[in-house]
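Worksheet: one structure, shown below.
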Amino acid sequence: MTASYEAMWERLGLDLDAHTSLLEVLGKFYGDIYMSQQGRLRGMEYLDFVVSEIHGLRIRELEEARAQGRKVIGTFCVFVPEEIVWAAGGIQVGLCAGAEAGTEAAEKILPRNTCALIKSFVGFKLARLCPFTESCDMIVGETTCDGKKKAYEIFSDHAPVYVMEIPQMKGAADRALWKAEVLRFKEAVEDLTGRSITAENLSEAVRLINRRRRVLQRLNRLRAAQPVPISGRDVLLINQVSFYDDPDRFTQKIGELCDELEAKVRRGEGVADGAARVLLSGCPMAIPNWKLPYIIESSGAVMVGEESCIGTRNTRDLVDESGRTLEEMLDAIVERYMKIDCACFTPNTERLEHIVDLARELEVKGVIHYGLSFCQPYAMESFKVEKALRNAGIPMLAVETDYSMEDVEQLKTRVEAFVEMIR
Amino acid sequence: MAVIGIDIGSRSIERVVWDPATGRWSWDKVPTTFDPVAQCRKLLADADGCPVVATGYGRRLVAEHFPGLSVRTITEIQAYARGVHHLVPEARTVLDIGGQDTKVIALSREGAVVRFEMNDRCAAGTGKFLEFMASSLQVPLEVFGDFALEADKQVTLNSMCTVFAESEATSLMARGERPQNIAMALHQAVVRRTLAMLRRVGGERPVVFAGGVAHNRCIVRLIGDSLGGGLILAEDPDVVGALGAALAGALP
Ligand code: SF4
Ligand code: SF4
């Protein structure tokens with residue numbers, strides 16, 4: 001794809017040489033981790049195609065949309081209310097931040113002991129590696145953790161950043177704060193796009209995004225069948241791609257994939273004979289952060305769920321569609337987003353309950369809790385999660401790592417030992 | 001038929017040949033060197049037909065390089081758990097300090113792994129740390145523990161990071177501190193860290209100490225004193241992993 005897109009990348013200001021090597025690494029990684037799997041669904045071809053065109057076709061679409069005056073809004077957190085962006089005719093893309101490239105550049109302006117996700121998004125920008133980042137007319141930050149909160153201040157010297165304040169508790173005052181923030185965001189988006197949000201366009205956007213969430217819910221129900229009909233890696237990839245693909249097309253394609261999956265479930269075909277069912281829980285896993293999932297699934301286990309923002313935390317709750325007025329719809333949005341059980345909340349008992357429920361529902365043998373090194377919210381919660389699971393009689397392995405490959409052997413030993421223990 | 005367990009660690013490779021009929025076993029040990037496959041070849045030369053179970057950091061090497069043998073792999077966690085349970089059936093916790101990593105494993109009464117902890121990627125608190133410090137104090141590793149036991153005064157080291165600990169040690173030396181006292185402080189640092197890991201998994205007694213560092217008398221004494229009893233030294237502590245692997249191979 002390189003030749004035909006180079007002019008576009010140049011226009012976006014990418015560092016072409018560095019970008020080429022990034023794509024090479026990504027391609028090889030993808031080949032090893034995804035293409036090597038046996039008996040994949042036909043529907044995954046769509047995902048393979050999307051990934052092979054990750055910096056090509058989709059960026060071209062964004063460029064075309066921008067040429068027609070539409071605005072692209074980038075985000076790093078599932079708290080940013082997507083419905084508002086789509087209602088105003090904008091396009092929301094989740095910026096991925098799952099690779100080590102650019103870390104060196106990031107460490108010039110960020111402390112070394114910052115979580116890999118933050119270093120990655122800053123690094124992608126500074127090293128001019130990501131065409132999505134470069135396509136954004138606005139990048140929305142949020143105050144979910146201290147690292148991000150302060151990083152956006154630095155990041156705003158390099159990109160058009162808008163920051164939302166996310167409450168840290170779930171009382172009435174916090175709900176009021178969140179509502180004020182949603183309204184302020186609505187205005188900012190209206191200013192940027194030049195289009196007012198109305199009951200009509202908002203209702204349409206709510207349905208659009210709910211449809212995408214529903215298809216992912218359906219996928220999650222199907223993938224949990226016994227025997228497991230699709231690898232956890234493939235499902236993770238689908239979740240990752242949901243953040244930047246066109247929502248309508250994505251919903252349709254994943255719907256088709258689910259039909260295929262359903263038939264497979266009916267035939268009782270599995271992909272991982274005898275593998276131990278595990279739930280992956282914890283920090284978000286942005287594309288192409290596939291190290292741990294790959295290790296898990298090559299150690300005799302299969303992931304049957306992700307309690308993660310790139311997983312059920314993002315798809316579990318829908319926005320209530322019964323609202324008629326703009327006010328009612330905005331309230332429904334406020335309500336839905338307040339249910340997100342990010343580790344930045346205190347207290348956060350819902351998350352513990354959700355994990356235990358999910359582990360039981362999915363009939364897993366164990367939970368692997370994933371934390372990015374230096375991520376305090378999730379590292380702290382891992383202790384509570386382990387305790388809650390222990391009380392429920394479910395074993396948990398806590399893993400802390402980043403995007404580098406140095407600790408692969410150690411991680412393998414840990415994960416394999418955990419699998420030996422639970423099987 | 002005999003069963004072979006082989007434990008490929010970063011410093012040494014141990015092999016145990018176990019005879020399920022008699023329960024007797026024998027062992028060998030060679031350094032890992034830069035060519036572990038050649039070393040394994042020596043140890044597996046007369047393995048024909050025997051089931052082999054490989055463990056340790058290089059466990060996959062055997063499976064890859066000896067396609068003619070029937071090889072299974074298990075992790076060090078599983079291997080140490082089995083080995084220790086066999087040697088000391090009442091053991092409830094395994095402490096294994098090896099060359100590259102430290103593991104603490106909680107066992108059920110039946111000897112199954114209930115929980116485990118492993119140090120993260122840095123060498124702090126492992127055999128590597130002691131090796132590094134011994135060489136910077138110019139004391140042979142084999143006698144480093146005895147050397148530390150000659151300490152006559154309490155010195156404290158604040159850092160557990162290999163790099164910082166070395167510079168702390170160097171500056172203590174420059175101030176004229178007796179090297180024995182510095183050596184003791186380094187051992188105490190390792191033990192502090194080990195005890196923290198033990199506490200995290202519950203540390204139920206008896207605790208069985210295995211792995212290469214169990215040869216170090218200073219570490220053994222310090223841990224034993226802190227636990228106030230209930231520490232059992234595994235016999236041939238560095239062979240426990242290979243024994244556990246062999247035992248796993250004897251199972252159906
Ligand atoms: S973990 Fe929290 S901060 Fe991160 S994306 Fe999810 S909701 Fe946002
Ligand atoms: S992974 Fe943790 S530290 Fe990193 S951005 Fe998310 S919440 Fe913050």
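Following the order of the structure tokens, chains are lettered A, B, ..., residues in each are numbered from 1, and ligands are numbered from 1.
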Inset, instruction - Determine, counting only C-alpha atoms, which protein, DNA and RNA residues have an atom within 7 Å of an atom of region 401-405 of chain A; residues of the same chain fewer than 4 positions away are not included. Present the result as a list in words. - result: Ala99, Glu100, Ala116, Asn289, Gly371, Leu372 and Ser373 of chain A
Inset, instruction - Give me, as a ChimeraX atom specification, the contact residues of chain B against chain A at a cut-off of 12 Å, counting only C-alpha atoms. - result: /B:55-60,73-82,100-103,105-108,111-122,200,248
Would you save the residues of that selection, restricted to C-alpha atoms, as a compact mmCIF listing (two decimals), in the first residue's frame?
```txt
# COMPACT_ATOMS: atom_id res chain seq x y z
CA THR B 55 11.75 -27.14 33.12
CA GLY B 56 13.48 -23.85 33.77
CA TYR B 57 14.09 -20.87 31.70
CA GLY B 58 15.46 -22.91 28.78
CA ARG B 59 12.75 -25.57 28.89
CA ARG B 60 11.66 -25.03 25.32
CA THR B 73 7.74 -29.02 29.54
CA ILE B 74 6.55 -27.66 32.85
CA THR B 75 7.36 -24.36 34.52
CA GLU B 76 9.81 -23.97 37.36
CA ILE B 77 6.92 -23.15 39.63
CA GLN B 78 5.30 -26.51 39.04
CA ALA B 79 8.65 -28.32 39.15
CA TYR B 80 9.74 -26.83 42.47
CA ALA B 81 6.34 -27.44 43.97
CA ARG B 82 6.46 -31.11 43.05
CA GLN B 100 17.83 -15.03 37.81
CA ASP B 101 14.71 -15.08 39.86
CA THR B 102 13.14 -15.60 43.19
CA LYS B 103 9.91 -17.53 43.54
CA ILE B 105 4.98 -20.75 46.09
CA ALA B 106 2.15 -21.54 48.47
CA LEU B 107 1.18 -25.22 48.49
CA SER B 108 -2.02 -26.90 49.53
CA GLY B 111 1.09 -30.27 47.42
CA ALA B 112 -0.77 -28.39 44.69
CA VAL B 113 0.23 -24.83 43.81
CA VAL B 114 -2.24 -22.41 45.37
CA ARG B 115 -0.50 -19.09 44.74
CA PHE B 116 2.88 -17.95 43.64
CA GLU B 117 4.98 -14.82 43.35
CA MET B 118 7.98 -14.18 41.15
CA ASN B 119 10.30 -11.20 41.20
CA ASP B 120 9.93 -8.87 38.26
CA ARG B 121 12.49 -8.39 35.61
CA CYS B 122 15.21 -6.74 37.69
CA ARG B 200 2.54 -11.75 50.16
CA ALA B 248 5.92 -35.00 36.76
```
Inset, instruction - Name the residues of region 97-247 of chain B that fall into strand (DSSP E or B) according to DSSP on the backbone, using the chain letters and numbers of this document, as an MDAnalysis selection string. - result: chainID B and resid 97 102:107 113:118 207:210 231:233
Inset, instruction - Tell me which of A:Lys170, A:Lys148, A:Arg223, A:Lys387 sits closest to ligand 2, counting only C-alpha atoms and all ligand atoms. - result: A:Lys148
Inset, instruction - Using only C-alpha atoms and all ligand atoms, find each residue with an atom at most 7 Å away from ligand 1 and format the answer as a list in words. - result: Phe76, Cys77, Val78, Phe79, Thr144, Cys145, Cys283, Pro284, Cys309, Ile340, Cys342, Ala343 and Cys344 of chain A
Selection from above, N, CA and C atoms, as a compact mmCIF listing (two decimals), in the first residue's frame, can you write it?
```
# COMPACT_ATOMS: atom_id res chain seq x y z
N PHE A 76 -8.68 9.27 23.90
CA PHE A 76 -7.89 8.21 24.53
C PHE A 76 -8.66 7.49 25.61
N CYS A 77 -9.91 7.82 25.76
CA CYS A 77 -10.62 7.25 26.90
C CYS A 77 -12.07 7.03 26.51
N VAL A 78 -12.66 5.96 27.02
CA VAL A 78 -14.04 5.63 26.67
C VAL A 78 -15.05 6.55 27.36
N PHE A 79 -14.56 7.49 28.13
CA PHE A 79 -15.46 8.42 28.78
C PHE A 79 -15.97 9.53 27.85
N THR A 144 -8.70 11.40 33.97
CA THR A 144 -8.90 10.13 34.66
C THR A 144 -7.77 9.76 35.62
N CYS A 145 -6.54 10.00 35.23
CA CYS A 145 -5.47 9.70 36.19
C CYS A 145 -4.50 10.87 36.18
N CYS A 283 -6.13 -2.81 32.69
CA CYS A 283 -5.83 -1.62 31.88
C CYS A 283 -6.28 -1.81 30.43
N PRO A 284 -6.54 -0.71 29.76
CA PRO A 284 -6.90 -0.83 28.35
C PRO A 284 -5.75 -1.39 27.52
N CYS A 309 -11.43 -1.48 29.04
CA CYS A 309 -12.07 -0.45 28.23
C CYS A 309 -12.08 -0.86 26.78
N ILE A 340 -19.48 3.68 33.87
CA ILE A 340 -18.17 3.12 33.55
C ILE A 340 -17.39 2.92 34.85
N CYS A 342 -14.18 2.62 35.71
CA CYS A 342 -12.73 2.84 35.59
C CYS A 342 -12.11 2.84 36.98
N ALA A 343 -10.87 2.39 37.06
CA ALA A 343 -10.18 2.35 38.35
C ALA A 343 -9.94 3.75 38.92
N CYS A 344 -10.20 4.79 38.14
CA CYS A 344 -9.98 6.14 38.67
C CYS A 344 -11.07 6.52 39.67
```
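Minimum distance to ligand 2 across A:Arg58, A:Lys71, A:Arg212, A:Lys149 (counting only C-alpha atoms and all ligand atoms) occurs at A:Lys149.
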Inset, instruction - Give me the residues within 12 Å of Gly69 (chain A) as a ChimeraX atom specification, counting only C-alpha atoms and dropping any in the same chain fewer than 2 places off. - result: /A:62-67,71-72,88-91,137,192-195
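Between ligand 2 and the residues A:Glu350, A:Asp317, A:Glu142, A:Glu10, the shortest atom-to-atom distance, using only C-alpha atoms and all ligand atoms, involves A:Glu142.
Near Leu222 (chain B), within 10 Å and counting only C-alpha atoms, sit Leu149, Met184, His187, Gln188, Val190, Val191, Arg192, Arg217, Cys218, Ser226, Leu227 and Gly228 of chain B; same-chain residues fewer than 4 positions away were not included.
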Inset, instruction - Would you list the contacts of region 196-199 of chain B as a PyMOL selection string, taking every protein, DNA or RNA residue within 8 Å and counting only C-alpha atoms, but skipping same-chain residues closer than 2 positions in sequence? - result: chain B and resi 95+104+117+192-194+201-203
Kindly export the residues of the current selection with C-alpha atoms, as a compact mmCIF listing (two decimals), in the first residue's frame.
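Output contents, as saved in selection-v8.txt:
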```
# COMPACT_ATOMS: atom_id res chain seq x y z
CA LEU B 95 11.09 -20.48 48.64
CA VAL B 104 7.66 -18.09 46.47
CA GLU B 117 4.98 -14.82 43.35
CA ARG B 192 14.22 -8.20 53.42
CA ARG B 193 12.97 -8.54 49.92
CA THR B 194 12.51 -12.27 50.19
CA VAL B 201 1.75 -15.40 49.58
CA GLY B 202 0.91 -16.01 53.21
CA GLY B 203 4.18 -17.67 54.22
```
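Scanning region 25-71 of chain A with DSSP on the backbone, the alpha helix (DSSP H) assignments fall on Val25, Leu26, Gly27, Lys28, Phe29, Tyr30, Met44, Glu45, Tyr46, Leu47, Asp48, Phe49, Val50, Val51, Ser52, Leu57, Arg58, Ile59, Arg60, Glu61, Leu62, Glu63, Glu64, Ala65, Arg66 and Ala67 of chain A.
Candidate residues A:Glu187, A:Asp146, A:Glu200, A:Glu262 were compared for distance to ligand 2, and the nearest is A:Asp146, using only C-alpha atoms and all ligand atoms.
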Legend entry - Minimum-distance residue to ligand 2, chosen among A:Tyr370, A:Leu358, A:Glu181, A:Asn314 (using only C-alpha atoms and all ligand atoms): A:Tyr370
Legend entry - Who sits within 12 Å of region 202-207 of chain A, only C-alpha atoms, same chain under 3 positions skipped, as a PyMOL selection string: chain A and resi 81-92+186+195-199+210-214+247-248+251+318-333+336
Inset, instruction - Might you pull out every residue within 7 Å of Val207 (chain B), with only C-alpha atoms counted and same-chain residues fewer than 2 positions away left off, and present them as an NGL selection string? - result: :B and (91-95 or 204-205 or 209 or 230-232)
